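Shown next: structure-v2.pdb, containing PDB, C-alpha atoms.
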```pdb
MODEL        1
ATOM      1  CA  MET A   1     -14.834 -11.718  13.295
ATOM      2  CA  ILE A   2     -11.557 -11.571  11.368
ATOM      3  CA  ALA A   3      -9.087  -8.684  11.629
ATOM      4  CA  ASN A   4      -7.379  -7.967   8.305
ATOM      5  CA  THR A   5      -4.136  -6.033   8.394
ATOM      6  CA  ALA A   6      -1.775  -4.361   5.969
ATOM      7  CA  ALA A   7       1.569  -3.057   7.194
ATOM      8  CA  TYR A   8       4.987  -2.221   5.829
ATOM      9  CA  HIS A   9       8.132  -0.658   7.159
ATOM     10  CA  PHE A  10      11.486   0.157   5.639
ATOM     11  CA  ALA A  11      14.390  -0.767   7.893
ATOM     12  CA  VAL A  12      17.758  -2.444   7.519
ATOM     13  CA  ILE A  13      17.346  -6.217   7.885
ATOM     14  CA  ASP A  14      20.718  -7.917   8.219
ATOM     15  CA  ALA A  15      19.392 -11.476   8.153
ATOM     16  CA  PRO A  16      16.177 -11.537   6.077
ATOM     17  CA  GLN A  17      15.773 -15.324   5.994
ATOM     18  CA  ALA A  18      16.143 -15.659   9.753
ATOM     19  CA  LEU A  19      13.540 -12.941  10.336
ATOM     20  CA  CYS A  20      11.226 -14.468   7.735
ATOM     21  CA  ASP A  21      11.398 -17.865   9.440
ATOM     22  CA  GLN A  22      10.796 -16.273  12.833
ATOM     23  CA  LEU A  23       7.737 -14.317  11.693
ATOM     24  CA  GLN A  24       6.328 -17.319   9.870
ATOM     25  CA  ALA A  25       6.598 -19.410  13.021
ATOM     26  CA  ARG A  26       4.901 -16.691  15.094
ATOM     27  CA  ALA A  27       2.109 -16.296  12.584
ATOM     28  CA  GLU A  28       1.541 -20.060  12.345
ATOM     29  CA  ALA A  29       1.431 -20.323  16.132
ATOM     30  CA  SER A  30      -1.221 -17.588  16.214
ATOM     31  CA  GLY A  31      -3.334 -19.137  13.470
ATOM     32  CA  LEU A  32      -2.792 -16.240  11.063
ATOM     33  CA  GLN A  33      -3.107 -16.442   7.295
ATOM     34  CA  GLY A  34      -1.782 -14.125   4.593
ATOM     35  CA  THR A  35       1.577 -13.027   3.254
ATOM     36  CA  ILE A  36       4.863 -12.091   4.906
ATOM     37  CA  LEU A  37       7.482 -10.507   2.651
ATOM     38  CA  VAL A  38      10.959  -9.805   3.998
ATOM     39  CA  ALA A  39      13.898  -8.128   2.258
ATOM     40  CA  GLY A  40      17.065  -6.395   3.265
ATOM     41  CA  GLU A  41      15.073  -3.146   3.052
ATOM     42  CA  GLY A  42      12.233  -4.106   5.419
ATOM     43  CA  LEU A  43       8.855  -5.839   5.827
ATOM     44  CA  ASN A  44       5.584  -5.958   3.903
ATOM     45  CA  LEU A  45       2.751  -7.798   5.646
ATOM     46  CA  PHE A  46      -0.827  -8.791   4.797
ATOM     47  CA  LEU A  47      -2.140 -10.876   7.673
ATOM     48  CA  ALA A  48      -5.584 -11.858   8.904
ATOM     49  CA  GLY A  49      -6.882 -13.760  11.890
ATOM     50  CA  ALA A  50      -8.618 -13.482  15.238
ATOM     51  CA  PRO A  51      -8.295  -9.899  16.574
ATOM     52  CA  SER A  52      -6.528 -11.036  19.748
ATOM     53  CA  ALA A  53      -4.018 -13.060  17.730
ATOM     54  CA  ILE A  54      -3.399 -10.141  15.376
ATOM     55  CA  ASP A  55      -2.890  -7.776  18.321
ATOM     56  CA  GLY A  56      -0.395 -10.153  19.915
ATOM     57  CA  PHE A  57       1.560 -10.644  16.704
ATOM     58  CA  TYR A  58       1.977  -6.910  16.067
ATOM     59  CA  ALA A  59       2.650  -6.102  19.725
ATOM     60  CA  GLU A  60       5.644  -8.422  19.596
ATOM     61  CA  LEU A  61       6.761  -6.934  16.293
ATOM     62  CA  HIS A  62       6.434  -3.363  17.602
ATOM     63  CA  ALA A  63       8.630  -4.351  20.541
ATOM     64  CA  ASP A  64      11.482  -4.752  18.026
ATOM     65  CA  ALA A  65      13.122  -1.311  17.778
ATOM     66  CA  ARG A  66      13.408  -1.676  13.998
ATOM     67  CA  PHE A  67       9.617  -1.802  13.660
ATOM     68  CA  ALA A  68       8.465   0.281  16.615
ATOM     69  CA  ASP A  69       6.979   2.937  14.303
ATOM     70  CA  MET A  70       5.387   0.566  11.802
ATOM     71  CA  ARG A  71       1.803   1.600  11.040
ATOM     72  CA  VAL A  72      -0.786  -1.161  10.851
ATOM     73  CA  LYS A  73      -3.984  -0.552   8.892
ATOM     74  CA  THR A  74      -6.861  -2.764  10.034
ATOM     75  CA  SER A  75     -10.277  -3.668   8.666
ATOM     76  CA  PHE A  76     -12.715  -6.438   9.561
ATOM     77  CA  SER A  77     -14.616  -9.200   7.821
ATOM     78  CA  GLU A  78     -16.759 -12.133   8.832
ATOM     79  CA  HIS A  79     -14.577 -14.631   6.991
ATOM     80  CA  GLN A  80     -10.870 -15.303   6.509
ATOM     81  CA  PRO A  81      -9.817 -13.823   3.115
ATOM     82  CA  PHE A  82      -6.568 -15.800   2.792
ATOM     83  CA  ALA A  83      -6.408 -19.511   2.025
ATOM     84  CA  ARG A  84      -3.001 -20.036   3.620
ATOM     85  CA  LEU A  85       0.084 -18.399   5.077
ATOM     86  CA  LYS A  86       3.008 -17.595   2.786
ATOM     87  CA  ALA A  87       6.367 -16.202   3.868
ATOM     88  CA  LYS A  88       9.046 -15.200   1.370
ATOM     89  CA  VAL A  89      12.399 -13.450   1.210
ATOM     90  CA  LYS A  90      12.632 -11.076  -1.772
ATOM     91  CA  ASP A  91      15.103  -8.584  -3.202
ATOM     92  CA  GLU A  92      12.616  -5.737  -2.509
ATOM     93  CA  ILE A  93       9.432  -5.738  -0.439
ATOM     94  CA  ILE A  94       7.867  -3.900  -3.378
ATOM     95  CA  SER A  95       9.769  -4.273  -6.630
ATOM     96  CA  PHE A  96      10.705  -0.968  -8.315
ATOM     97  CA  ARG A  97      14.285  -1.566  -9.492
ATOM     98  CA  ARG A  98      15.308   2.088  -9.306
ATOM     99  CA  ASP A  99      18.408   3.058  -7.349
ATOM    100  CA  ASP A 100      17.042   6.592  -6.947
ATOM    101  CA  GLY A 101      13.818   5.307  -5.366
ATOM    102  CA  GLN A 102      15.181   3.356  -2.407
ATOM    103  CA  PRO A 103      13.916   4.623   0.982
ATOM    104  CA  LEU A 104      16.937   3.395   2.940
ATOM    105  CA  ASP A 105      19.273   5.488   0.788
ATOM    106  CA  TYR A 106      17.458   8.857   0.936
ATOM    107  CA  PRO A 107      15.293  10.885   3.334
ATOM    108  CA  ARG A 108      11.588  10.204   2.951
ATOM    109  CA  ALA A 109       9.795  12.248   0.303
ATOM    110  CA  PRO A 110       7.339  14.839   1.681
ATOM    111  CA  ALA A 111       4.009  13.360   2.767
ATOM    112  CA  ILE A 112       0.578  14.939   3.114
ATOM    113  CA  ASP A 113      -2.078  13.804   5.584
ATOM    114  CA  PRO A 114      -5.542  12.671   4.472
ATOM    115  CA  ALA A 115      -7.399  15.562   6.119
ATOM    116  CA  THR A 116      -5.352  18.111   4.179
ATOM    117  CA  VAL A 117      -5.874  16.242   0.905
ATOM    118  CA  GLN A 118      -9.611  16.136   1.609
ATOM    119  CA  ARG A 119      -9.637  19.891   2.191
ATOM    120  CA  TRP A 120      -7.616  20.596  -0.956
ATOM    121  CA  LEU A 121      -9.934  18.462  -3.075
ATOM    122  CA  ARG A 122     -12.950  20.208  -1.567
ATOM    123  CA  GLN A 123     -11.598  23.696  -2.289
ATOM    124  CA  GLY A 124     -10.116  22.759  -5.691
ATOM    125  CA  HIS A 125      -6.508  23.827  -5.005
ATOM    126  CA  ASP A 126      -3.749  23.636  -2.420
ATOM    127  CA  ASP A 127      -3.065  26.314   0.189
ATOM    128  CA  ALA A 128      -0.915  28.270  -2.279
ATOM    129  CA  GLY A 129      -3.689  28.268  -4.863
ATOM    130  CA  LYS A 130      -2.025  25.719  -7.156
ATOM    131  CA  PRO A 131      -4.063  22.998  -8.889
ATOM    132  CA  VAL A 132      -3.911  19.606  -7.200
ATOM    133  CA  VAL A 133      -3.398  16.505  -9.328
ATOM    134  CA  MET A 134      -3.992  13.126  -7.704
ATOM    135  CA  LEU A 135      -1.536  10.675  -9.310
ATOM    136  CA  ASP A 136      -2.536   7.013  -9.112
ATOM    137  CA  THR A 137       0.567   4.809  -9.008
ATOM    138  CA  ARG A 138      -1.367   1.514  -9.021
ATOM    139  CA  ASN A 139      -1.936  -0.951 -11.842
ATOM    140  CA  LEU A 140      -4.875  -0.771 -14.240
ATOM    141  CA  GLN A 141      -6.361  -3.920 -12.686
ATOM    142  CA  GLU A 142      -6.714  -2.071  -9.391
ATOM    143  CA  ILE A 143      -7.914   1.216 -10.826
ATOM    144  CA  GLU A 144     -10.923  -0.497 -12.429
ATOM    145  CA  TYR A 145     -12.488  -0.778  -8.962
ATOM    146  CA  GLY A 146     -12.096   2.898  -8.106
ATOM    147  CA  THR A 147      -9.803   5.888  -7.752
ATOM    148  CA  PHE A 148      -9.895   9.554  -6.769
ATOM    149  CA  LYS A 149     -12.167  11.737  -8.891
ATOM    150  CA  ASP A 150     -10.274  13.127 -11.914
ATOM    151  CA  ALA A 151      -7.070  11.346 -10.873
ATOM    152  CA  LEU A 152      -4.259  10.941 -13.376
ATOM    153  CA  VAL A 153      -4.116   7.212 -14.090
ATOM    154  CA  LEU A 154      -1.307   5.571 -16.009
ATOM    155  CA  PRO A 155      -1.504   2.570 -18.376
ATOM    156  CA  ILE A 156       0.679   0.284 -16.290
ATOM    157  CA  HIS A 157       0.381  -3.400 -15.440
ATOM    158  CA  LYS A 158       3.263  -3.502 -12.972
ATOM    159  CA  PHE A 159       4.874  -0.933 -10.719
ATOM    160  CA  THR A 160       8.198  -0.966 -12.564
ATOM    161  CA  ASP A 161       6.388   0.506 -15.615
ATOM    162  CA  LEU A 162       5.612   3.756 -13.795
ATOM    163  CA  PRO A 163       8.634   5.911 -14.767
ATOM    164  CA  GLN A 164       8.143   5.333 -18.489
ATOM    165  CA  ALA A 165       4.349   5.793 -18.287
ATOM    166  CA  LEU A 166       4.698   9.059 -16.372
ATOM    167  CA  ALA A 167       7.185  10.618 -18.816
ATOM    168  CA  PRO A 168       4.610  12.088 -21.280
ATOM    169  CA  HIS A 169       2.786  13.880 -18.424
ATOM    170  CA  ARG A 170       5.670  15.540 -16.645
ATOM    171  CA  GLU A 171       5.600  18.825 -18.518
ATOM    172  CA  ALA A 172       1.851  19.233 -17.914
ATOM    173  CA  LEU A 173       2.309  18.536 -14.199
ATOM    174  CA  LYS A 174       5.057  21.054 -13.481
ATOM    175  CA  ASP A 175       2.741  23.878 -12.336
ATOM    176  CA  SER A 176       0.545  21.666 -10.138
ATOM    177  CA  THR A 177       0.904  20.074  -6.731
ATOM    178  CA  VAL A 178       1.052  16.354  -7.424
ATOM    179  CA  VAL A 179      -0.209  14.006  -4.718
ATOM    180  CA  SER A 180       0.830  10.430  -5.491
ATOM    181  CA  PHE A 181      -1.164   7.630  -3.918
ATOM    182  CA  CYS A 182      -1.503   3.847  -3.837
ATOM    183  CA  THR A 183      -3.328   1.265  -1.727
ATOM    184  CA  GLY A 184      -1.482   1.516   1.575
ATOM    185  CA  GLY A 185       1.455   3.822   0.900
ATOM    186  CA  ILE A 186       4.311   1.445   0.148
ATOM    187  CA  ARG A 187       4.509   2.102  -3.592
ATOM    188  CA  CYS A 188       4.389   5.847  -3.040
ATOM    189  CA  GLU A 189       7.305   5.645  -0.633
ATOM    190  CA  LYS A 190       9.399   4.633  -3.641
ATOM    191  CA  ALA A 191       7.524   6.454  -6.412
ATOM    192  CA  ALA A 192       7.490   9.852  -4.699
ATOM    193  CA  LEU A 193      11.138   9.469  -3.731
ATOM    194  CA  TRP A 194      12.113   8.596  -7.296
ATOM    195  CA  MET A 195      10.112  11.539  -8.705
ATOM    196  CA  LEU A 196      11.753  13.909  -6.236
ATOM    197  CA  ASN A 197      15.232  12.627  -7.075
ATOM    198  CA  ASP A 198      14.403  12.828 -10.779
ATOM    199  CA  GLY A 199      13.662  16.543 -10.627
ATOM    200  CA  MET A 200       9.954  16.721  -9.741
ATOM    201  CA  ASP A 201      10.026  18.977  -6.691
ATOM    202  CA  ASN A 202       6.229  19.428  -6.649
ATOM    203  CA  VAL A 203       5.349  15.873  -5.564
ATOM    204  CA  LEU A 204       3.864  14.720  -2.266
ATOM    205  CA  GLN A 205       2.787  11.260  -1.156
ATOM    206  CA  LEU A 206      -0.573  10.557   0.467
ATOM    207  CA  ASP A 207       0.345   9.316   3.927
ATOM    208  CA  GLY A 208      -1.176   5.875   4.531
ATOM    209  CA  GLY A 209      -2.476   5.540   0.985
ATOM    210  CA  ILE A 210      -6.118   5.021   0.089
ATOM    211  CA  LEU A 211      -6.743   2.759   3.072
ATOM    212  CA  GLY A 212      -5.341   5.407   5.407
ATOM    213  CA  TYR A 213      -7.533   8.022   3.713
ATOM    214  CA  PHE A 214     -10.625   5.843   4.223
ATOM    215  CA  GLU A 215      -9.673   5.265   7.875
ATOM    216  CA  GLU A 216      -9.168   8.924   8.685
ATOM    217  CA  VAL A 217     -11.631  10.899   6.569
ATOM    218  CA  GLY A 218     -13.884   8.458   4.691
ATOM    219  CA  GLY A 219     -14.473   8.469   0.955
ATOM    220  CA  GLU A 220     -14.983  12.127   0.044
ATOM    221  CA  GLY A 221     -13.342  12.749  -3.323
ATOM    222  CA  TYR A 222     -12.907   9.045  -4.040
ATOM    223  CA  GLU A 223     -15.091   7.183  -6.514
ATOM    224  CA  GLY A 224     -15.696   3.447  -6.130
ATOM    225  CA  ARG A 225     -13.785   0.977  -4.006
ATOM    226  CA  CYS A 226     -10.153   0.198  -3.241
ATOM    227  CA  PHE A 227      -8.850  -3.050  -4.698
ATOM    228  CA  VAL A 228      -7.075  -5.355  -2.247
ATOM    229  CA  PHE A 229      -5.009  -8.436  -3.020
ATOM    230  CA  ASP A 230      -7.102 -11.078  -1.289
ATOM    231  CA  GLU A 231     -10.495 -12.760  -1.523
ATOM    232  CA  ARG A 232     -12.352  -9.631  -0.332
ATOM    233  CA  VAL A 233     -11.491  -8.164  -3.764
ATOM    234  CA  ALA A 234     -12.106  -4.508  -2.813
ATOM    235  CA  LEU A 235     -13.088  -2.327   0.156
ATOM    236  CA  ASP A 236     -15.504   0.592   0.254
ATOM    237  CA  ALA A 237     -14.879   3.862   2.088
ATOM    238  CA  GLU A 238     -16.133   2.284   5.315
ATOM    239  CA  LEU A 239     -13.566  -0.506   4.848
ATOM    240  CA  LYS A 240     -16.309  -3.060   4.201
ATOM    241  CA  PRO A 241     -15.422  -5.852   1.758
ATOM    242  CA  LEU A 242     -17.019  -6.347  -1.624
ATOM    243  CA  VAL A 243     -16.917 -10.124  -1.022
ATOM    244  CA  ASP A 244     -17.153 -11.690   2.430
ATOM    245  CA  GLU A 245     -17.741 -15.404   2.013
ATOM    246  CA  PRO A 246     -16.176 -18.591   3.358
ATOM    247  CA  LEU A 247     -13.279 -19.789   1.256
ATOM    248  CA  PRO A 248     -13.898 -23.010  -0.673
ATOM    249  CA  GLU A 249     -12.672 -26.169   0.980
ATOM    250  CA  PRO A 250      -9.328 -27.318  -0.440
ATOM    251  CA  ARG A 251      -9.599 -30.212  -2.827
ATOM    252  CA  PRO A 252      -8.288 -33.532  -1.484
ATOM    253  CA  SER A 253      -4.980 -34.639  -2.919
ATOM    254  CA  ALA A 254      -5.012 -37.368  -5.560
ATOM    255  CA  PHE A 255      -1.984 -38.962  -3.928
TER     256      PHE A 255
ENDMDL
END
```
Translate the structure described by the file into structure tokens.
Amino acid sequence: MIANTAAYHFAVIDAPQALCDQLQARAEASGLQGTILVAGEGLNLFLAGAPSAIDGFYAELHADARFADMRVKTSFSEHQPFARLKAKVKDEIISFRRDDGQPLDYPRAPAIDPATVQRWLRQGHDDAGKPVVMLDTRNLQEIEYGTFKDALVLPIHKFTDLPQALAPHREALKDSTVVSFCTGGIRCEKAALWMLNDGMDNVLQLDGGILGYFEEVGGEGYEGRCFVFDERVALDAELKPLVDEPLPEPRPSAF
């Protein structure tokens, strides 16, 4: 059994390369595969391995005061979905390139828990009677596998396209409660913050993203699967993978 994890946390990292090297060494020692992204603004992790090794890796990370509150979303598969371990230092752990959407510079935008979103979708409005619009901040490639019923989807191929793609819809959204969502929450941390700072005071972010919604309340109101960036391709509402097969053996080098 393989434990698959997705986790991110915004925190000031004074020495990103040193932390990246340290986490890579820990992950290699534990036999983990996946991706470690480190920036001055925090961490973004997609790691998979034996459950005991995963637990040990995150226990050590949570012992660091900077990451004590980092949420880890976990699902399981029979096979390892990552071919190797990659660790990189980047300018942003999720690229948005908007000064008014940086979580370290502003208080977090208001978040809404999955159970409340489920209830709002079931009753057709929020607690004040306003229409609820689910705003998908993911790329078209991801949305093809599934999204919330009647969600507003935008014709974007990368996250940095979102502000321009949202512009034609802003007037129509002003009298609704807008709940922005993404896979695990990281994009909405920036998107919801940018929207709030750009004058949209009716925007919330779905806490934990789609994966958090599946974990806490299941798939009510969601149609299809949630795309993930590994060989499992997509997860259903029970967090079961669309593909769960052994990875092909690496080809031998010609040299």
At a cut-off of 12 Å from (-8.3, 4.7, 5.5) in the coordinates of the file, what residues are picked up using only C-alpha atoms, written as an mmCIF file with C-alpha atoms, in the coordinates of the input?
```
data_model
loop_
_atom_site.group_PDB
_atom_site.id
_atom_site.type_symbol
_atom_site.label_atom_id
_atom_site.label_comp_id
_atom_site.auth_asym_id
_atom_site.auth_seq_id
_atom_site.Cartn_x
_atom_site.Cartn_y
_atom_site.Cartn_z
ATOM 1 C CA THR A 5 -4.136 -6.033 8.394
ATOM 2 C CA ALA A 6 -1.775 -4.361 5.969
ATOM 3 C CA ARG A 71 1.803 1.600 11.040
ATOM 4 C CA VAL A 72 -0.786 -1.161 10.851
ATOM 5 C CA LYS A 73 -3.984 -0.552 8.892
ATOM 6 C CA THR A 74 -6.861 -2.764 10.034
ATOM 7 C CA SER A 75 -10.277 -3.668 8.666
ATOM 8 C CA ASP A 113 -2.078 13.804 5.584
ATOM 9 C CA PRO A 114 -5.542 12.671 4.472
ATOM 10 C CA ALA A 115 -7.399 15.562 6.119
ATOM 11 C CA CYS A 182 -1.503 3.847 -3.837
ATOM 12 C CA THR A 183 -3.328 1.265 -1.727
ATOM 13 C CA GLY A 184 -1.482 1.516 1.575
ATOM 14 C CA GLY A 185 1.455 3.822 0.900
ATOM 15 C CA LEU A 206 -0.573 10.557 0.467
ATOM 16 C CA ASP A 207 0.345 9.316 3.927
ATOM 17 C CA GLY A 208 -1.176 5.875 4.531
ATOM 18 C CA GLY A 209 -2.476 5.540 0.985
ATOM 19 C CA ILE A 210 -6.118 5.021 0.089
ATOM 20 C CA LEU A 211 -6.743 2.759 3.072
ATOM 21 C CA GLY A 212 -5.341 5.407 5.407
ATOM 22 C CA TYR A 213 -7.533 8.022 3.713
ATOM 23 C CA PHE A 214 -10.625 5.843 4.223
ATOM 24 C CA GLU A 215 -9.673 5.265 7.875
ATOM 25 C CA GLU A 216 -9.168 8.924 8.685
ATOM 26 C CA VAL A 217 -11.631 10.899 6.569
ATOM 27 C CA GLY A 218 -13.884 8.458 4.691
ATOM 28 C CA GLY A 219 -14.473 8.469 0.955
ATOM 29 C CA GLU A 220 -14.983 12.127 0.044
ATOM 30 C CA TYR A 222 -12.907 9.045 -4.040
ATOM 31 C CA ARG A 225 -13.785 0.977 -4.006
ATOM 32 C CA CYS A 226 -10.153 0.198 -3.241
ATOM 33 C CA LEU A 235 -13.088 -2.327 0.156
ATOM 34 C CA ASP A 236 -15.504 0.592 0.254
ATOM 35 C CA ALA A 237 -14.879 3.862 2.088
ATOM 36 C CA GLU A 238 -16.133 2.284 5.315
ATOM 37 C CA LEU A 239 -13.566 -0.506 4.848
ATOM 38 C CA LYS A 240 -16.309 -3.060 4.201
#
```
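Separating atom CA of A:Ala192 from atom CA of A:Ile93 is a distance of 16.3 Å.
Applied to this file, the PyMOL selection byres ((chain A and resi 178) around 10) selects the residues Lys130, Pro131, Val132, Val133, Met134, Leu135, Leu152, Leu173, Lys174, Asp175, Ser176, Thr177, Val179, Ser180, Phe181, Ala192, Met200, Asp201, Asn202, Val203, Leu204, Gln205 and Leu206 of chain A.
What separates atom CA of A:Arg187 from atom CA of A:Tyr8 is a distance of 10.4 Å.
If you look at atom CA of A:Phe67 and atom CA of A:Val38, they are 12.6 Å away from each other.
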Shell around A:Thr116 at 10 Å using only C-alpha atoms, local window under 3 positions removed, as number ranges by chain | A: 112-113, 119-122, 126-127, 206, 217
Name the residues captured by the PyMOL selection byres ((chain A and resi 160) around 9) when it is applied to the shown file; answer as a PDB file with C-alpha atoms, in the frame of the given file.
```
ATOM      1  CA  SER A  95       9.769  -4.273  -6.630  1.00  0.00           C
ATOM      2  CA  PHE A  96      10.705  -0.968  -8.315  1.00  0.00           C
ATOM      3  CA  ARG A  97      14.285  -1.566  -9.492  1.00  0.00           C
ATOM      4  CA  ARG A  98      15.308   2.088  -9.306  1.00  0.00           C
ATOM      5  CA  ILE A 156       0.679   0.284 -16.290  1.00  0.00           C
ATOM      6  CA  HIS A 157       0.381  -3.400 -15.440  1.00  0.00           C
ATOM      7  CA  LYS A 158       3.263  -3.502 -12.972  1.00  0.00           C
ATOM      8  CA  PHE A 159       4.874  -0.933 -10.719  1.00  0.00           C
ATOM      9  CA  ASP A 161       6.388   0.506 -15.615  1.00  0.00           C
ATOM     10  CA  LEU A 162       5.612   3.756 -13.795  1.00  0.00           C
ATOM     11  CA  PRO A 163       8.634   5.911 -14.767  1.00  0.00           C
ATOM     12  CA  GLN A 164       8.143   5.333 -18.489  1.00  0.00           C
TER      13      GLN A 164
END
```
When distances are computed from all atoms listed in the file, which of A:Arg108, A:Lys190, A:Arg232, A:Arg26 shows the smallest separation from A:Ala59?
-> A:Arg26
Evaluate the PyMOL selection byres ((chain A and resi 141) around 12) on the structure here and hand back the selected residues as JSON, numbers by chain.
-> {"A": [137, 138, 139, 140, 142, 143, 144, 145, 146, 147, 153, 154, 155, 156, 157, 158, 159, 226, 227, 228, 229, 233, 234]}
Point out the residue among A:Gly40, A:Ala87, A:Lys149, A:Pro248 with the least atom-to-atom distance to A:Gly124, counting all atoms listed in the file.
-> A:Lys149
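The shortest atom-to-atom distance to A:Tyr106, with all atoms listed in the file taken into account, belongs to A:Leu193 out of A:Leu193, A:Ala53, A:Ala165, A:Leu45.
Near A:Asp14, within 10 Å and counting only C-alpha atoms, sit Ala39, Gly40, Glu41 and Gly42 of chain A; same-chain residues fewer than 6 positions away were not included.
Of the residues under consideration (A:Ala172, A:Val12, A:Leu247, A:Cys188), A:Val12 shows the shortest atom-to-atom contact distance to A:Arg66 when counting only C-alpha atoms.
For the residues A:Ala48, A:Leu242, A:Glu189, A:Ala83, ranking by smallest atom-to-atom distance to A:Leu104 using all atoms listed in the file places A:Glu189 first.
Proximity ranking of A:Leu37, A:Pro51, A:Gln17, A:Phe10 relative to A:Asp69 places A:Phe10 first, based on only C-alpha atoms.
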